[in-house]
>>> print(open('coords_29.cif').read())   # mmCIF, C-alpha atoms
data_target
#
loop_
_atom_site.label_atom_id
_atom_site.label_comp_id
_atom_site.auth_asym_id
_atom_site.auth_seq_id
_atom_site.Cartn_x
_atom_site.Cartn_y
_atom_site.Cartn_z
CA MET O 1 -14.12 1.62 2.45
CA TYR O 2 -10.66 2.75 1.48
CA LYS O 3 -7.87 0.79 -0.11
CA ILE O 4 -4.26 1.81 0.59
CA ILE O 5 -1.71 0.52 -1.91
CA ALA O 6 1.90 0.74 -0.73
CA ARG O 7 4.86 -0.08 -2.98
CA LEU O 8 8.54 -0.48 -2.15
CA ASN O 9 10.84 0.29 -5.08
CA GLY O 10 14.14 -1.53 -5.30
CA GLY O 11 13.03 -4.76 -3.71
CA GLU O 12 14.44 -8.21 -4.32
CA PRO O 13 16.28 -8.95 -7.57
CA THR O 14 14.62 -11.61 -9.75
CA TYR O 15 16.22 -14.44 -11.70
CA ASP O 16 16.09 -12.56 -15.02
CA GLY O 17 18.03 -9.56 -13.63
CA LYS O 18 15.09 -7.21 -13.11
CA ILE O 19 14.18 -5.74 -9.74
CA LYS O 20 10.93 -6.95 -8.23
CA GLU O 21 8.70 -4.30 -6.68
CA ILE O 22 7.11 -5.26 -3.38
CA GLU O 23 3.46 -4.20 -3.10
CA LYS O 24 1.16 -4.41 -0.08
CA VAL O 25 -2.54 -3.56 0.12
CA TYR O 26 -4.20 -2.37 3.33
CA LYS O 27 -7.93 -1.77 3.80
CA ALA O 28 -9.58 0.75 6.11
CA ARG O 29 -13.22 1.31 6.88
CA PHE O 30 -13.08 4.60 8.81
CA LYS O 31 -11.15 7.84 8.27
CA GLY O 32 -9.27 7.53 11.59
CA THR O 33 -8.03 4.06 10.66
CA LEU O 34 -7.16 5.34 7.19
CA ILE O 35 -4.95 8.11 8.58
CA MET O 36 -3.10 5.72 10.91
CA LYS O 37 -2.50 3.16 8.16
CA VAL O 38 -1.30 5.80 5.66
CA ILE O 39 1.21 7.13 8.21
CA PHE O 40 2.38 3.56 8.89
CA ALA O 41 2.74 2.85 5.16
CA LYS O 42 4.67 6.11 4.55
CA LEU O 43 7.22 5.06 7.18
CA PHE O 44 8.05 1.73 5.53
CA TYR O 45 7.20 2.14 1.83
CA ASP O 46 8.30 4.52 -0.93
CA TRP O 47 5.00 5.02 -2.74
CA VAL O 48 1.51 5.17 -1.16
CA PHE O 49 -1.79 5.57 -3.02
CA VAL O 50 -5.28 5.75 -1.47
CA GLU O 51 -8.48 5.01 -3.35
CA GLU O 52 -12.09 4.81 -2.22
CA TYR O 53 -14.30 1.92 -3.22
CA GLU O 54 -17.62 0.37 -2.30
CA GLU O 55 -18.17 -3.23 -1.31
#
>>> encode(input="coords_29.cif", output="structure tokens")
Amino acid sequence: MYKIIARLNGGEPTYDGKIKEIEKVYKARFKGTLIMKVIFAKLFYDWVFVEEYEE
């Protein structure tokens, strides 16, 4: 299994004046699905990281 972590910098401002980062996690079981989800995440997010893990 693969975990794709996508982060959008410069998201919503918080009440204390800092900028909240928006983070979304996608999971993929196969390499084909992984490639499609990484391309999708690169279109909409600034930072994308992929890590492999076992269930």
>>> resolve_selection(input="coords_29.cif", expression="the PyMOL selection byres ((chain O and resi 21-30) around 7)", output="ChimeraX atom specification")
/O:1-11,19-20,31-34
>>> atom_distance(input="coords_29.cif", atom1="atom CA of O:Val38", atom2="atom CA of O:Val50")
8.2 Å
>>> atom_distance(input="coords_29.cif", atom1="atom CA of O:Lys18", atom2="atom CA of O:Lys37")
29.5 Å
>>> atom_distance(input="coords_29.cif", atom1="atom CA of O:Lys42", atom2="atom CA of O:Glu55")
25.4 Å
>>> build_atoms(input="coords_29.cif", residues="stretch 26-37 of chain O", atoms="all heavy atoms", output="CSV table (one decimal), keeping the file's coordinate frame")
chain,number,residue,atom,x,y,z
O,26,TYR,N,-3.5,-2.5,2.0
O,26,TYR,CA,-4.2,-2.4,3.3
O,26,TYR,C,-5.6,-1.9,3.1
O,26,TYR,O,-5.9,-1.2,2.1
O,26,TYR,CB,-3.5,-1.4,4.3
O,26,TYR,CG,-2.1,-1.7,4.6
O,26,TYR,CD1,-1.0,-1.1,3.9
O,26,TYR,CD2,-1.8,-2.6,5.6
O,26,TYR,CE1,0.3,-1.4,4.3
O,26,TYR,CE2,-0.5,-2.9,5.9
O,26,TYR,CZ,0.5,-2.3,5.3
O,26,TYR,OH,1.8,-2.6,5.6
O,27,LYS,N,-6.6,-2.3,3.9
O,27,LYS,CA,-7.9,-1.8,3.8
O,27,LYS,C,-8.3,-1.1,5.1
O,27,LYS,O,-7.9,-1.5,6.2
O,27,LYS,CB,-8.9,-2.9,3.5
O,27,LYS,CG,-8.6,-3.6,2.2
O,27,LYS,CD,-9.6,-4.6,1.9
O,27,LYS,CE,-9.3,-5.3,0.5
O,27,LYS,NZ,-10.2,-6.4,0.2
O,28,ALA,N,-9.1,0.0,5.0
O,28,ALA,CA,-9.6,0.8,6.1
O,28,ALA,C,-11.1,1.1,5.9
O,28,ALA,O,-11.5,1.4,4.8
O,28,ALA,CB,-8.8,2.0,6.3
O,29,ARG,N,-11.8,1.0,7.0
O,29,ARG,CA,-13.2,1.3,6.9
O,29,ARG,C,-13.5,2.7,7.3
O,29,ARG,O,-14.4,3.4,6.7
O,29,ARG,CB,-14.0,0.3,7.8
O,29,ARG,CG,-15.5,0.5,7.7
O,29,ARG,CD,-16.2,-0.6,8.4
O,29,ARG,NE,-15.9,-1.8,7.7
O,29,ARG,CZ,-16.4,-3.0,7.9
O,29,ARG,NH1,-17.3,-3.1,8.9
O,29,ARG,NH2,-16.1,-4.1,7.2
O,30,PHE,N,-12.8,3.3,8.3
O,30,PHE,CA,-13.1,4.6,8.8
O,30,PHE,C,-11.9,5.5,8.5
O,30,PHE,O,-10.8,5.1,8.3
O,30,PHE,CB,-13.3,4.5,10.3
O,30,PHE,CG,-14.4,3.6,10.7
O,30,PHE,CD1,-14.1,2.4,11.3
O,30,PHE,CD2,-15.7,3.9,10.4
O,30,PHE,CE1,-15.1,1.5,11.6
O,30,PHE,CE2,-16.7,3.0,10.7
O,30,PHE,CZ,-16.4,1.8,11.4
O,31,LYS,N,-12.2,6.9,8.6
O,31,LYS,CA,-11.2,7.8,8.3
O,31,LYS,C,-10.0,7.8,9.3
O,31,LYS,O,-8.9,8.0,9.0
O,31,LYS,CB,-11.7,9.2,8.2
O,31,LYS,CG,-12.7,9.4,7.0
O,31,LYS,CD,-12.3,10.6,6.2
O,31,LYS,CE,-13.2,10.7,5.1
O,31,LYS,NZ,-12.8,11.7,4.1
O,32,GLY,N,-10.3,7.6,10.6
O,32,GLY,CA,-9.3,7.5,11.6
O,32,GLY,C,-8.3,6.4,11.3
O,32,GLY,O,-7.1,6.5,11.4
O,33,THR,N,-8.9,5.2,11.0
O,33,THR,CA,-8.0,4.1,10.7
O,33,THR,C,-7.2,4.3,9.4
O,33,THR,O,-6.1,3.9,9.3
O,33,THR,CB,-8.9,2.8,10.5
O,33,THR,OG1,-9.8,2.7,11.6
O,33,THR,CG2,-8.1,1.6,10.4
O,34,LEU,N,-7.8,5.0,8.4
O,34,LEU,CA,-7.2,5.3,7.2
O,34,LEU,C,-5.9,6.2,7.5
O,34,LEU,O,-4.8,5.9,6.9
O,34,LEU,CB,-8.1,6.1,6.3
O,34,LEU,CG,-7.5,6.7,5.0
O,34,LEU,CD1,-7.1,5.6,4.0
O,34,LEU,CD2,-8.5,7.6,4.4
O,35,ILE,N,-6.1,7.2,8.3
O,35,ILE,CA,-5.0,8.1,8.6
O,35,ILE,C,-3.8,7.3,9.3
O,35,ILE,O,-2.6,7.5,8.9
O,35,ILE,CB,-5.4,9.3,9.4
O,35,ILE,CG1,-6.4,10.2,8.6
O,35,ILE,CG2,-4.3,10.1,10.0
O,35,ILE,CD1,-7.1,11.2,9.4
O,36,MET,N,-4.1,6.5,10.2
O,36,MET,CA,-3.1,5.7,10.9
O,36,MET,C,-2.4,4.8,10.0
O,36,MET,O,-1.2,4.6,10.0
O,36,MET,CB,-3.7,4.9,12.1
O,36,MET,CG,-4.2,5.8,13.2
O,36,MET,SD,-4.7,5.0,14.7
O,36,MET,CE,-5.5,3.5,14.1
O,37,LYS,N,-3.1,4.1,9.1
O,37,LYS,CA,-2.5,3.2,8.2
O,37,LYS,C,-1.7,3.9,7.1
O,37,LYS,O,-0.6,3.3,6.7
O,37,LYS,CB,-3.6,2.3,7.5
O,37,LYS,CG,-4.1,1.3,8.5
O,37,LYS,CD,-5.0,0.3,7.9
O,37,LYS,CE,-5.5,-0.7,8.9
O,37,LYS,NZ,-6.3,-1.8,8.3
